[in-house]
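Remarks on the structure that follows.
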Amino acid sequence: MNAKSDILEIFSAAGASAGEIPRNESWALMQTWREIYCAPVHAATGKWVIGGAGGYSWHTFSYEYFPCLEGRRALAEYSAQPVGEIIVLTERCNDLAFRSTEADLPDFSDLYQDVYVAPSNFAWSMVFTHERDAFGPYFSRADWLPRGAPGSR
């Protein structure tokens, strides 16, 4: 199987249908995610991603630039979010992205891909990592970055 079919299968298991987002829009949405959650990384390094092209956006959490919950606590908080429109973004999967409405939140824990889930306003985010045994998953809220912290708005 491939990343696209794997992701769509997970949506289906959650009782959701998902529409694919065009690549140029998916790139813009990922950049919006970075402008919120990687703002402290950018403030400290001048780059959006730690490690440049070889890094991952979710390192904003693993390197403790942005406050988050990890592991079971992250999954519990994610599960408690209201159902509504969500955006699912990928990193390093040909910029695959999907939009879904009104279904249970999909659990991408068993997928060896970096998957970023957020509502369309990016108020919160759940990140399932390809290194699931060592890093993540991570849950955070845009408003968890303290005022006055580097990168805060």
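Residues in the structure tokens are numbered from 1 in each chain, the chains being A, B, ... in the order shown, and ligands are numbered from 1 in the order shown.
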- Which residues come within 7 Å of range 133-143 of chain A, counting only C-alpha atoms, excluding same-chain residues fewer than 2 positions away, as a list in words? Ile36, Tyr37, Pro67, Cys68, Leu69, Glu70, Gly71, Ala74, Tyr78, Ala123, Trp124, Ser125, Met126, Val127, Phe128, Thr129, Glu131 and Leu145 of chain A
- Query: If you count only C-alpha atoms, which residues fall within 7 Å of Ala43 in chain A, apart from same-chain ones fewer than 3 positions away, as a list in words?
  - Reply: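 My reading of the contact set: Ala39, Pro40, Gly46, Pro150 and Gly151 of chain A.
The interatomic distance for the pair CA of Thr90 in chain A and CA of His42 in chain A works out to 20.1 Å.
What separates CA of Pro82 in chain A from CA of Trp144 in chain A is a distance of 18.3 Å.
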Set out as a tab-separated table a contact list for range 8-77 of chain A and range 91-98 of chain A with a cut-off of 7 Å, giving each residue of range 8-77 of chain A that qualifies its closest atom pair and distance in Å to one decimal, counting only C-alpha atoms, ordered by chain and rising residue number.
residue	atom	partner	partner_atom	distance
A:Ala18	CA	A:Phe98	CA	5.9
A:Gly19	CA	A:Phe98	CA	5.4
A:Glu20	CA	A:Phe98	CA	4.4
A:Ile21	CA	A:Phe98	CA	5.2
A:Arg23	CA	A:Asp95	CA	6.1
A:Ser26	CA	A:Ala97	CA	5.6
A:Trp27	CA	A:Asp95	CA	6.5
Restricting the output to N, CA and C atoms, write the selected residues as a PDB file, in the first residue's frame.
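See out_29.pdb below for the written result:
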ATOM      1  N   ALA A  18     -12.863  11.721   3.145  1.00  0.00           N
ATOM      2  CA  ALA A  18     -11.870  12.792   3.063  1.00  0.00           C
ATOM      3  C   ALA A  18     -11.655  13.171   1.613  1.00  0.00           C
ATOM      4  N   GLY A  19     -11.533  14.463   1.393  1.00  0.00           N
ATOM      5  CA  GLY A  19     -11.211  14.960   0.069  1.00  0.00           C
ATOM      6  C   GLY A  19      -9.762  15.387   0.025  1.00  0.00           C
ATOM      7  N   GLU A  20      -9.097  15.043  -1.047  1.00  0.00           N
ATOM      8  CA  GLU A  20      -7.690  15.417  -1.176  1.00  0.00           C
ATOM      9  C   GLU A  20      -7.579  16.910  -1.468  1.00  0.00           C
ATOM     10  N   ILE A  21      -6.619  17.534  -0.840  1.00  0.00           N
ATOM     11  CA  ILE A  21      -6.350  18.963  -1.025  1.00  0.00           C
ATOM     12  C   ILE A  21      -5.274  19.094  -2.096  1.00  0.00           C
ATOM     13  N   ARG A  23      -2.008  20.086  -4.131  1.00  0.00           N
ATOM     14  CA  ARG A  23      -0.647  20.199  -3.600  1.00  0.00           C
ATOM     15  C   ARG A  23      -0.253  21.634  -3.241  1.00  0.00           C
ATOM     16  N   SER A  26      -1.961  22.448  -0.058  1.00  0.00           N
ATOM     17  CA  SER A  26      -1.426  21.676   1.066  1.00  0.00           C
ATOM     18  C   SER A  26      -0.098  22.268   1.537  1.00  0.00           C
ATOM     19  N   TRP A  27       0.715  22.721   0.608  1.00  0.00           N
ATOM     20  CA  TRP A  27       1.981  23.354   0.998  1.00  0.00           C
ATOM     21  C   TRP A  27       1.699  24.617   1.804  1.00  0.00           C
TER      22      TRP A  27
END
Quick one: residues within 10 Å of Glu85 in chain A, only C-alpha atoms counted, chain neighbours fewer than 6 positions away excluded, as a PDB file with C-alpha atoms, in the first residue's frame?
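Saved to selection.pdb:
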ATOM      1  CA  ARG A  99      -9.927  17.692   4.464  1.00  0.00           C
ATOM      2  CA  SER A 100     -12.659  15.852   6.344  1.00  0.00           C
ATOM      3  CA  THR A 101     -15.826  16.803   8.212  1.00  0.00           C
ATOM      4  CA  GLU A 102     -18.070  15.318  10.862  1.00  0.00           C
ATOM      5  CA  ALA A 103     -16.507  12.014  11.827  1.00  0.00           C
ATOM      6  CA  LEU A 105     -11.045  11.864  14.805  1.00  0.00           C
ATOM      7  CA  ALA A 118      -5.701  20.243  12.973  1.00  0.00           C
ATOM      8  CA  PRO A 119      -8.987  22.072  12.647  1.00  0.00           C
ATOM      9  CA  SER A 120      -9.092  24.603   9.829  1.00  0.00           C
ATOM     10  CA  ASN A 121      -8.247  27.454  12.244  1.00  0.00           C
TER      11      ASN A 121
END
- Task: Using DSSP on the backbone, list every residue of chain A that comes out as strand (DSSP E), and give them as a PyMOL selection string.
- Result: chain A and resi 18-20+69-70+86-91+97-100+114-119+124-128+138-141
